[in-house]
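Shown next, in C-alpha cells, is the structure this report addresses.
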Amino acid sequence: MTGGGGGAGQAQGANPGFARGRRLRSTPALRRLTAQTRVAPADLVLPVFVKEGIDAPVPIGSMPGVVQHTQDSLRKAAHEAAEAGVGGLMLFGIPSGKDPVGSQADAADGVVNVALQHLRADLGDELVLMADLCLCEYTDHGHCGVVTPARGGFRGQGGELVVDNDPTLDRYAAVAIAQAQAGAHLVAPSGMMDGQVAAIRAGLDGAALTEVPILAYAAKYASGFYGPFREAAEGAPQFGDRSTYQMDPPNADEALREVAQDLAEGADAVMVKPALPYLDIVARVAEAVQVPVSAYQVSGEYAMVEAAAANGWVDRERAILETLVAIRRAGAGQVLTYWAVEAARLLTR
C-alpha cells in the first residue's frame, strides 16, 4: 500500500468494474425506469361507509378526511373514485336499527343493499363494487355472528355467551345472496367463521348466482389497529372481543392453513388484514397461492400516518405512497386503502 489516504479510493475509481448503485438513481426518470415495484390506481380499492338516517356526511374523528356517507354523498364519492381510475369500492353499512341477528344486513331495503342498487345503476361495471359480508355493524351486540348460550363447557366472550359458528353460516349465505342481487360484483366475507366460504358459495350457487366471486378475508388477525374503524362502522363488541374467531397475531403458519381452506371451499381471491404489520404474511400467502391476493391497509395504519403528518413528523404524501409500495412489494396485487382516490391522483399527476 502506497502513501496517501486516497489510495483505496483511487484504486476503486480506476477499476472499470467497480459497482456504483447510485448510477441508476441519479435522476427521477432513471428511478422510474428501473423501479421494480409499481402501484397503479387500478390496484387500489376504496373502503367506504354509508349510514342510514343522516342527511349530510358525518366526519370520523379518528380518521381525518374519512366520513360516514349519505346515499347521495356516496354516489358522488363513487364517481370521483371511478374518475381517478380506482379499481373498486368496498362497502360497509351502518343501519339505523340493529338486532341480535343483524337482519338489516340481508334486508332488500338495508343500507348497503340500497347503496349497491344505486351504484350499480350509476356506474355499471366501471369499477368493482365489493360488499363486506359480516354482521358486526348490524348486530346490537357488535359481534360478527349469531350469539347463543355457551354449551359443552365452552365459555365464550360473554362468559355464558358464545359467537356460534354454524348458525352464523346460514346468515352469511343469506347476506351474500342479498348483496349479489342488489348489484355487488363480488362479496367479501370478513367474519372468520369456519366454513364461511363453503356456505356462501353454496348459497350463491343455489340462488343461480354462480358467476359472483368471493374475496375471502382469509387471514384476518385480531389486531389493535382496528380502533378507528369501530368508530367509523359503529360496530364495537358490546362484550369481550373477537380473539376467539379472528387470528392470533403470533401465528403465521395458521394463515396459510386458513387461506388453503378458503380456496378449497371455493374462494376466488384472498385477503390479508391488516397490511403493514403483516407484510410477512402477505409475502408468504402471495408465494403460496395462484389467485389474486389483497391486503387491507386498515384504519389504524391510516390514522397513524395522518396523526404524524398533522404534527409535522412525516412527509404525508411520501409516507402514503411508500406504504402502498411496501404492501405491493410484499406481494399484494390489490390494496384496500382509505387513501385510494388521493393516491390514484398522486400516482398520475
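Quick note on naming: the chains in the C-alpha cells go A, B, ... in the order shown, residues restart at 1 in each chain, and ligands are numbered from 1 in order of appearance.
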
Close residues, Lys220 (chain A) itself excluded, 12 Å, only C-alpha atoms, min 5 positions apart in chain, as a ChimeraX atom specification
/A:189-193,225-226,242-243,245-249,251-252,254-256,258-259,270-275,277-278,281-282,294-298

Looking only at the backbone, which of the residues in region 24-187 of chain A does DSSP tag as alpha helix (DSSP H), as a PyMOL selection string?
chain A and resi 28-34+71-84+111-123+165-182

Find the spatial neighbours of Lys76 (chain A), counting only C-alpha atoms, within a cut-off of 12 Å - ignore same-chain residues fewer than 2 positions away - and output them as a compact mmCIF listing (two decimals) with N, CA and C atoms, in the first residue's frame.
```
# COMPACT_ATOMS: atom_id res chain seq x y z
N VAL A 48 -65.56 2.36 1.92
CA VAL A 48 -66.48 3.46 2.17
C VAL A 48 -67.55 3.03 3.17
N PRO A 57 -72.94 14.10 5.21
CA PRO A 57 -71.83 13.24 5.63
C PRO A 57 -71.35 13.58 7.04
N HIS A 69 -71.00 8.25 4.89
CA HIS A 69 -71.70 8.87 3.78
C HIS A 69 -73.22 8.75 3.90
N THR A 70 -73.90 9.70 3.29
CA THR A 70 -75.30 9.52 2.93
C THR A 70 -75.32 8.74 1.61
N GLN A 71 -76.51 8.31 1.21
CA GLN A 71 -76.59 7.65 -0.09
C GLN A 71 -76.13 8.59 -1.21
N ASP A 72 -76.51 9.86 -1.13
CA ASP A 72 -76.14 10.79 -2.20
C ASP A 72 -74.65 11.10 -2.19
N SER A 73 -74.07 11.33 -1.01
CA SER A 73 -72.63 11.64 -0.99
C SER A 73 -71.80 10.42 -1.38
N LEU A 74 -72.30 9.23 -1.09
CA LEU A 74 -71.60 8.02 -1.53
C LEU A 74 -71.58 7.93 -3.05
N ALA A 78 -68.25 7.77 -5.25
CA ALA A 78 -68.01 6.66 -6.17
C ALA A 78 -67.64 7.18 -7.56
N HIS A 79 -68.32 8.21 -8.01
CA HIS A 79 -67.98 8.81 -9.30
C HIS A 79 -66.56 9.37 -9.28
N GLU A 80 -66.17 10.01 -8.18
CA GLU A 80 -64.82 10.56 -8.06
C GLU A 80 -63.79 9.43 -8.10
N ALA A 81 -64.09 8.32 -7.45
CA ALA A 81 -63.17 7.19 -7.45
C ALA A 81 -63.02 6.63 -8.86
N ALA A 82 -64.13 6.51 -9.57
CA ALA A 82 -64.07 6.00 -10.93
C ALA A 82 -63.26 6.93 -11.83
N GLU A 83 -63.47 8.23 -11.68
CA GLU A 83 -62.74 9.20 -12.50
C GLU A 83 -61.25 9.17 -12.21
N ALA A 115 -77.54 1.02 -1.35
CA ALA A 115 -76.39 1.70 -1.95
C ALA A 115 -75.88 0.93 -3.17
N HIS A 118 -78.06 1.62 -6.19
CA HIS A 118 -77.79 2.95 -6.76
C HIS A 118 -76.47 2.95 -7.53
N LEU A 119 -75.43 2.42 -6.91
CA LEU A 119 -74.11 2.48 -7.53
C LEU A 119 -74.04 1.64 -8.80
N ASP A 122 -75.74 3.60 -11.44
CA ASP A 122 -74.95 4.77 -11.84
C ASP A 122 -73.73 4.39 -12.67
N LEU A 123 -73.00 3.37 -12.22
CA LEU A 123 -71.67 3.09 -12.74
C LEU A 123 -71.56 1.83 -13.58
```

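Candidate residues A:Leu321, A:Ala184, A:Leu46, A:Leu279 were compared for distance to Gln117 (chain A), and the nearest is A:Ala184, using only C-alpha atoms.
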
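Between CA of Arg38 (chain A) and CA of Tyr338 (chain A) the separation is 18.6 Å.
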
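In this model, the gap between CA of Ala105 (chain A) and CA of Ala233 (chain A) comes to 13.3 Å.
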
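Minimum atom-to-atom distances from A:Ala232, A:Ser223, A:Pro250, A:Asp315 to Pro64 (chain A) were compared using only C-alpha atoms, and the lowest value belongs to A:Ala232.
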
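Our summary of the geometry notes that CA of Ala178 (chain A) is positioned 14.4 Å from CA of Tyr138 (chain A).
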
From the list A:Asp170, A:Asp132, A:Asp164, A:Asp140, the nearest residue to Leu215 (chain A) using only C-alpha atoms is A:Asp132

Exercise: region 143-151 of chain A partners within 9 Å, only C-alpha atoms, chain neighbours under 2 positions left out, as an MDAnalysis selection string:
chainID A and resid 100:102 134:141 153:156 158:169 171:172 190:193 235:239 241:242

Can you pull out every residue from region 100-249 of chain A that DSSP, working from the backbone, puts in strand (DSSP E), and format the result as a ChimeraX atom specification?
/A:128-133,146-149,161-164,186-189,215-220

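Counting only C-alpha atoms and comparing A:Ala42, A:Ala283, A:Ala303, A:Val197, the residue that lies closest to Glu126 (chain A) is A:Ala42.
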
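Residue nearest Thr210 (chain A) within the list A:Arg23, A:His185, A:Arg257, A:Arg230: A:His185 [criterion: smallest interatomic distance, only C-alpha atoms].
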
Excluding same-chain residues fewer than 2 positions from Ala344 (chain A), what lies within 10 Å of it counting only C-alpha atoms, as a PDB file with N, CA and C atoms, in the first residue's frame?
```
ATOM      1  N   VAL A  39     -47.167   0.879  -8.340  1.00  0.00           N
ATOM      2  CA  VAL A  39     -48.546   0.965  -7.866  1.00  0.00           C
ATOM      3  C   VAL A  39     -49.326   1.755  -8.902  1.00  0.00           C
ATOM      4  N   ALA A  40     -50.429   1.196  -9.352  1.00  0.00           N
ATOM      5  CA  ALA A  40     -51.304   1.868 -10.307  1.00  0.00           C
ATOM      6  C   ALA A  40     -52.647   2.136  -9.647  1.00  0.00           C
ATOM      7  N   PRO A  41     -53.363   3.163 -10.080  1.00  0.00           N
ATOM      8  CA  PRO A  41     -54.684   3.427  -9.498  1.00  0.00           C
ATOM      9  C   PRO A  41     -55.603   2.207  -9.508  1.00  0.00           C
ATOM     10  N   ALA A  42     -55.533   1.408 -10.565  1.00  0.00           N
ATOM     11  CA  ALA A  42     -56.408   0.240 -10.663  1.00  0.00           C
ATOM     12  C   ALA A  42     -56.102  -0.820  -9.616  1.00  0.00           C
ATOM     13  N   ASP A  43     -54.935  -0.720  -8.946  1.00  0.00           N
ATOM     14  CA  ASP A  43     -54.586  -1.668  -7.882  1.00  0.00           C
ATOM     15  C   ASP A  43     -55.270  -1.322  -6.560  1.00  0.00           C
ATOM     16  N   LEU A  44     -55.909  -0.155  -6.474  1.00  0.00           N
ATOM     17  CA  LEU A  44     -56.394   0.365  -5.206  1.00  0.00           C
ATOM     18  C   LEU A  44     -57.906   0.198  -5.077  1.00  0.00           C
ATOM     19  N   ALA A  81     -64.087   8.324  -7.449  1.00  0.00           N
ATOM     20  CA  ALA A  81     -63.171   7.186  -7.452  1.00  0.00           C
ATOM     21  C   ALA A  81     -63.022   6.631  -8.863  1.00  0.00           C
ATOM     22  N   GLU A  83     -63.472   8.228 -11.683  1.00  0.00           N
ATOM     23  CA  GLU A  83     -62.744   9.203 -12.497  1.00  0.00           C
ATOM     24  C   GLU A  83     -61.248   9.167 -12.212  1.00  0.00           C
ATOM     25  N   ALA A  84     -60.870   8.846 -10.969  1.00  0.00           N
ATOM     26  CA  ALA A  84     -59.451   8.767 -10.603  1.00  0.00           C
ATOM     27  C   ALA A  84     -58.810   7.464 -11.051  1.00  0.00           C
ATOM     28  N   GLY A  85     -59.627   6.524 -11.533  1.00  0.00           N
ATOM     29  CA  GLY A  85     -59.096   5.255 -12.004  1.00  0.00           C
ATOM     30  C   GLY A  85     -58.959   4.186 -10.944  1.00  0.00           C
ATOM     31  N   VAL A  86     -59.565   4.424  -9.760  1.00  0.00           N
ATOM     32  CA  VAL A  86     -59.505   3.440  -8.685  1.00  0.00           C
ATOM     33  C   VAL A  86     -60.182   2.149  -9.137  1.00  0.00           C
ATOM     34  N   GLY A  87     -59.660   1.015  -8.649  1.00  0.00           N
ATOM     35  CA  GLY A  87     -60.163  -0.266  -9.117  1.00  0.00           C
ATOM     36  C   GLY A  87     -61.507  -0.675  -8.567  1.00  0.00           C
ATOM     37  N   LEU A 321     -47.501   7.062  -0.189  1.00  0.00           N
ATOM     38  CA  LEU A 321     -47.058   6.279  -1.346  1.00  0.00           C
ATOM     39  C   LEU A 321     -46.058   5.199  -0.941  1.00  0.00           C
ATOM     40  N   TRP A 339     -56.839   5.983   1.389  1.00  0.00           N
ATOM     41  CA  TRP A 339     -56.209   6.999   0.534  1.00  0.00           C
ATOM     42  C   TRP A 339     -56.368   6.678  -0.942  1.00  0.00           C
ATOM     43  N   ALA A 340     -57.201   5.750  -1.317  1.00  0.00           N
ATOM     44  CA  ALA A 340     -57.218   5.254  -2.692  1.00  0.00           C
ATOM     45  C   ALA A 340     -57.360   6.365  -3.716  1.00  0.00           C
ATOM     46  N   VAL A 341     -58.322   7.248  -3.536  1.00  0.00           N
ATOM     47  CA  VAL A 341     -58.560   8.294  -4.539  1.00  0.00           C
ATOM     48  C   VAL A 341     -57.397   9.282  -4.546  1.00  0.00           C
ATOM     49  N   GLU A 342     -56.985   9.732  -3.370  1.00  0.00           N
ATOM     50  CA  GLU A 342     -55.868  10.674  -3.304  1.00  0.00           C
ATOM     51  C   GLU A 342     -54.602  10.044  -3.881  1.00  0.00           C
ATOM     52  N   LEU A 346     -52.163  11.172  -6.971  1.00  0.00           N
ATOM     53  CA  LEU A 346     -50.731  11.406  -6.810  1.00  0.00           C
ATOM     54  C   LEU A 346     -49.937  10.580  -7.815  1.00  0.00           C
ATOM     55  N   LEU A 347     -50.382   9.381  -8.077  1.00  0.00           N
ATOM     56  CA  LEU A 347     -49.658   8.484  -8.974  1.00  0.00           C
ATOM     57  C   LEU A 347     -49.724   8.922 -10.432  1.00  0.00           C
ATOM     58  N   THR A 348     -50.699   9.728 -10.774  1.00  0.00           N
ATOM     59  CA  THR A 348     -50.881  10.106 -12.189  1.00  0.00           C
ATOM     60  C   THR A 348     -50.663  11.594 -12.428  1.00  0.00           C
ATOM     61  N   ARG A 349     -50.181  12.304 -11.435  1.00  0.00           N
ATOM     62  CA  ARG A 349     -50.007  13.748 -11.651  1.00  0.00           C
ATOM     63  C   ARG A 349     -48.725  14.031 -12.433  1.00  0.00           C
TER      64      ARG A 349
END
```
